[in-house]
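Novice: Dropping a structure here in structure tokens format, bear with me for questions.
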Amino acid sequence: HNEANTGPSASIPSTMGMLDTENKDKIKKAAGYDSMKLFESRDVIKKQNGDYALAPGSTELYVGAYWTVTKNLSGPSIVLNGEAGLVKARTDPNKTTKPYAAVDVGIGQAEAHAKFSPAGFDVGAGVSLAGGSVSVFDFNIGAGVGIAAGINDDSVEVKVLGTGVTIGRKVGFSVLGSSFGIDLGKIGQAIFG
């Protein structure tokens, strides 16, 4: 029996990213934040019993809500995501020792996300043929709308209607929801350890 909040009845939590300190701490603990490498991201789900756990490695025909926890230079980032898709494949965070070796790719997805912090915000929704992260590269082939401004993942980001740029640790661009980017932090980690 799968207790994860990934079935057809899964819903996006009403907090839309506005987490209290207790839940942020629980999400960070489930992600294993203290043992995460710098620039590493892990997805966390909320199980039906209310506990948080790492998201499963690969999934077919999925619907669900989850939080992405990233260990940045500026501190932890926690983003609320709602997603449905045909296939989701990701490396096991317990077996992947280097963030630049991680893979997290989805095919045939519809998604929505919300991130709010004192340094900025990022809210959007879209559909994609394929998208995700492979090693140091982030990509999305699809269409979407979104708005973002501020410092996200140690980078300055500006986006309107899904079109914008990111400059900093991550460098990238997006046009109406399709995007391509490179994580320079992961490249540095690969070179310097």
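In the structure tokens, the first chain shown is A, the next is B, and so on; residue numbers restart at 1 for each chain, and ligands run from 1 in the order shown.
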Give me every helix (DSSP H, G or I) residue in region 15-166 of chain A, going by DSSP on the backbone, as a list of chain:residue names.
Specialist: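 So, restricting region 15-166 of chain A to helix (DSSP H, G or I), we get A:Thr21, A:Glu22, A:Asn23, A:Lys24, A:Asp25, A:Lys26, A:Ile27, A:Lys28, A:Lys29, A:Ala30, A:Ala31, A:Tyr33, A:Asp34, A:Ser35, A:Pro99, A:Tyr100, A:Ala101.
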Novice: Extract, using only C-alpha atoms, all DNA, RNA and protein residues at most 10 Å from Thr97 (chain A), discarding same-chain residues fewer than 3 positions from it, and format them as a ChimeraX atom specification.
Specialist: /A:36-37,40,92-94,100-102
Novice: If we count only C-alpha atoms, what is near region 171-187 of chain A at a cut-off of 6 Å, once residues fewer than 4 positions away on the same chain are taken out, given as JSON, numbers by chain?
Specialist: {"A": [100, 136, 137, 138, 139, 140, 141, 142, 143, 144, 145, 162, 163, 164, 165, 166, 167]}
Novice: Considering only C-alpha atoms, can you say which of A:Glu83, A:Lys26, A:Pro99, A:Leu61 comes closest to Ala190 (chain A)?
Specialist: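 Counting only C-alpha atoms, the residue closest to Ala190 (chain A) is A:Pro99.
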Novice: Per DSSP on the backbone, filter region 32-89 of chain A down to the residues in strand (DSSP E or B) and report them as an NGL selection string.
Specialist: :A and (41-47 or 52-54 or 58-72 or 75-89)
Novice: Grab the residues selected above and save them as a short mmCIF file (atom, residue, chain, number, x, y, z; two decimals), in the first residue's frame with N, CA, C and O atoms.
Specialist:
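In the end it all went to part-v1.cif:
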```cif
data_model
loop_
_atom_site.label_atom_id
_atom_site.label_comp_id
_atom_site.auth_asym_id
_atom_site.auth_seq_id
_atom_site.Cartn_x
_atom_site.Cartn_y
_atom_site.Cartn_z
N SER A 41 19.20 18.99 -4.55
CA SER A 41 17.76 19.11 -4.34
C SER A 41 17.16 17.73 -4.10
O SER A 41 17.61 16.75 -4.70
N ARG A 42 16.16 17.67 -3.23
CA ARG A 42 15.42 16.44 -2.98
C ARG A 42 13.94 16.77 -2.89
O ARG A 42 13.56 17.78 -2.33
N ASP A 43 13.11 15.87 -3.41
CA ASP A 43 11.66 16.04 -3.36
C ASP A 43 11.10 15.28 -2.16
O ASP A 43 11.48 14.15 -1.89
N VAL A 44 10.16 15.94 -1.46
CA VAL A 44 9.54 15.38 -0.26
C VAL A 44 8.03 15.38 -0.45
O VAL A 44 7.45 16.35 -0.92
N ILE A 45 7.40 14.26 -0.08
CA ILE A 45 5.94 14.14 -0.15
C ILE A 45 5.38 14.07 1.26
O ILE A 45 6.09 13.78 2.22
N LYS A 46 4.09 14.34 1.38
CA LYS A 46 3.39 14.16 2.66
C LYS A 46 2.53 12.92 2.53
O LYS A 46 1.67 12.84 1.65
N LYS A 47 2.78 11.95 3.40
CA LYS A 47 2.05 10.69 3.36
C LYS A 47 0.66 10.89 3.97
O LYS A 47 0.39 11.88 4.64
N TYR A 52 6.16 13.21 6.64
CA TYR A 52 6.85 13.58 5.41
C TYR A 52 7.89 12.51 5.08
O TYR A 52 8.48 11.92 5.98
N ALA A 53 8.13 12.27 3.77
CA ALA A 53 9.11 11.26 3.34
C ALA A 53 9.67 11.66 1.98
O ALA A 53 9.07 12.47 1.25
N LEU A 54 10.84 11.10 1.64
CA LEU A 54 11.40 11.34 0.32
C LEU A 54 10.44 10.79 -0.74
O LEU A 54 9.82 9.74 -0.54
N SER A 58 10.96 6.49 -9.27
CA SER A 58 10.33 6.57 -10.58
C SER A 58 8.84 6.28 -10.44
O SER A 58 8.44 5.46 -9.62
N THR A 59 8.05 6.95 -11.24
CA THR A 59 6.60 6.84 -11.14
C THR A 59 6.00 6.90 -12.54
O THR A 59 6.48 7.61 -13.40
N GLU A 60 4.92 6.15 -12.74
CA GLU A 60 4.17 6.22 -13.99
C GLU A 60 2.76 6.70 -13.67
O GLU A 60 2.21 6.37 -12.64
N LEU A 61 2.17 7.47 -14.57
CA LEU A 61 0.83 8.01 -14.41
C LEU A 61 0.61 8.51 -12.98
O LEU A 61 -0.03 7.86 -12.17
N TYR A 62 1.14 9.66 -12.69
CA TYR A 62 1.14 10.15 -11.32
C TYR A 62 0.45 11.52 -11.22
O TYR A 62 0.37 12.28 -12.18
N VAL A 63 -0.09 11.78 -10.04
CA VAL A 63 -0.67 13.06 -9.68
C VAL A 63 -0.28 13.30 -8.24
O VAL A 63 -0.39 12.40 -7.41
N GLY A 64 0.18 14.49 -7.92
CA GLY A 64 0.51 14.72 -6.53
C GLY A 64 1.09 16.07 -6.24
O GLY A 64 1.35 16.87 -7.14
N ALA A 65 1.26 16.31 -4.97
CA ALA A 65 1.88 17.54 -4.48
C ALA A 65 3.14 17.14 -3.73
O ALA A 65 3.18 16.10 -3.08
N TYR A 66 4.18 17.95 -3.86
CA TYR A 66 5.42 17.67 -3.15
C TYR A 66 6.20 18.96 -2.98
O TYR A 66 5.91 19.97 -3.61
N TRP A 67 7.17 18.93 -2.09
CA TRP A 67 8.04 20.06 -1.85
C TRP A 67 9.43 19.71 -2.35
O TRP A 67 9.92 18.60 -2.12
N THR A 68 10.08 20.66 -3.02
CA THR A 68 11.47 20.48 -3.43
C THR A 68 12.33 21.28 -2.46
O THR A 68 12.16 22.49 -2.32
N VAL A 69 13.25 20.57 -1.79
CA VAL A 69 14.16 21.18 -0.84
C VAL A 69 15.52 21.29 -1.51
O VAL A 69 16.04 20.28 -2.01
N THR A 70 16.11 22.49 -1.56
CA THR A 70 17.42 22.70 -2.17
C THR A 70 18.34 23.34 -1.15
O THR A 70 17.95 24.27 -0.44
N LYS A 71 19.56 22.85 -1.09
CA LYS A 71 20.57 23.42 -0.19
C LYS A 71 21.39 24.44 -0.98
O LYS A 71 22.19 24.09 -1.83
N ASN A 72 21.13 25.73 -0.75
CA ASN A 72 21.78 26.83 -1.44
C ASN A 72 22.83 27.48 -0.55
O ASN A 72 22.82 27.30 0.67
N GLY A 75 21.08 29.49 2.01
CA GLY A 75 20.23 28.77 2.95
C GLY A 75 19.23 27.88 2.23
O GLY A 75 19.22 27.82 1.00
N PRO A 76 18.38 27.19 2.98
CA PRO A 76 17.45 26.26 2.35
C PRO A 76 16.37 26.95 1.54
O PRO A 76 15.91 28.04 1.90
N SER A 77 15.99 26.31 0.44
CA SER A 77 14.87 26.74 -0.38
C SER A 77 13.85 25.62 -0.35
O SER A 77 14.20 24.45 -0.55
N ILE A 78 12.57 25.95 -0.09
CA ILE A 78 11.51 24.95 -0.10
C ILE A 78 10.42 25.47 -1.04
O ILE A 78 9.85 26.53 -0.81
N VAL A 79 10.15 24.71 -2.11
CA VAL A 79 9.19 25.10 -3.13
C VAL A 79 8.05 24.09 -3.15
O VAL A 79 8.29 22.87 -3.19
N LEU A 80 6.81 24.56 -3.13
CA LEU A 80 5.63 23.71 -3.24
C LEU A 80 5.32 23.47 -4.72
O LEU A 80 5.25 24.43 -5.50
N ASN A 81 5.15 22.20 -5.10
CA ASN A 81 4.85 21.83 -6.48
C ASN A 81 3.60 20.96 -6.52
O ASN A 81 3.40 20.12 -5.65
N GLY A 82 2.79 21.15 -7.54
CA GLY A 82 1.68 20.25 -7.85
C GLY A 82 1.93 19.76 -9.26
O GLY A 82 2.27 20.55 -10.13
N GLU A 83 1.80 18.46 -9.49
CA GLU A 83 2.22 17.93 -10.78
C GLU A 83 1.43 16.69 -11.14
O GLU A 83 1.05 15.90 -10.27
N ALA A 84 1.17 16.52 -12.44
CA ALA A 84 0.59 15.30 -12.98
C ALA A 84 1.37 14.97 -14.24
O ALA A 84 1.81 15.88 -14.95
N GLY A 85 1.58 13.70 -14.51
CA GLY A 85 2.35 13.35 -15.70
C GLY A 85 2.25 11.88 -16.05
O GLY A 85 1.66 11.08 -15.33
N LEU A 86 2.88 11.56 -17.17
CA LEU A 86 2.90 10.18 -17.65
C LEU A 86 4.02 9.38 -17.00
O LEU A 86 3.81 8.26 -16.55
N VAL A 87 5.23 9.96 -16.97
CA VAL A 87 6.39 9.26 -16.40
C VAL A 87 7.27 10.26 -15.67
O VAL A 87 7.51 11.37 -16.16
N LYS A 88 7.77 9.87 -14.51
CA LYS A 88 8.72 10.68 -13.73
C LYS A 88 9.85 9.75 -13.34
O LYS A 88 9.62 8.69 -12.77
N ALA A 89 11.08 10.12 -13.67
CA ALA A 89 12.25 9.31 -13.31
C ALA A 89 13.25 10.21 -12.59
O ALA A 89 13.56 11.30 -13.06
#
```
Novice: Provide the CA of His113 (chain A) to CA of Ile147 (chain A) distance in Å, to one decimal place.
Specialist: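 Between CA of His113 (chain A) and CA of Ile147 (chain A) the gap works out to 10.8 Å.
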Novice: Have a look at CA of Gly126 (chain A) and CA of Ser74 (chain A) and let me know their distance in Å, one decimal.
Specialist: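 If I compute the distance from CA of Gly126 (chain A) to CA of Ser74 (chain A), I get 27.7 Å.
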Novice: Which of these residues is nearest to Thr91 (chain A), using only C-alpha atoms: A:Ala110, A:Asp153, A:Val134, A:Phe116?
Specialist: A:Val134
Novice: Mind pulling up the distance from CA of Leu73 (chain A) to CA of Tyr33 (chain A)?
Specialist: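 CA of Leu73 (chain A) lies 13.1 Å from CA of Tyr33 (chain A).
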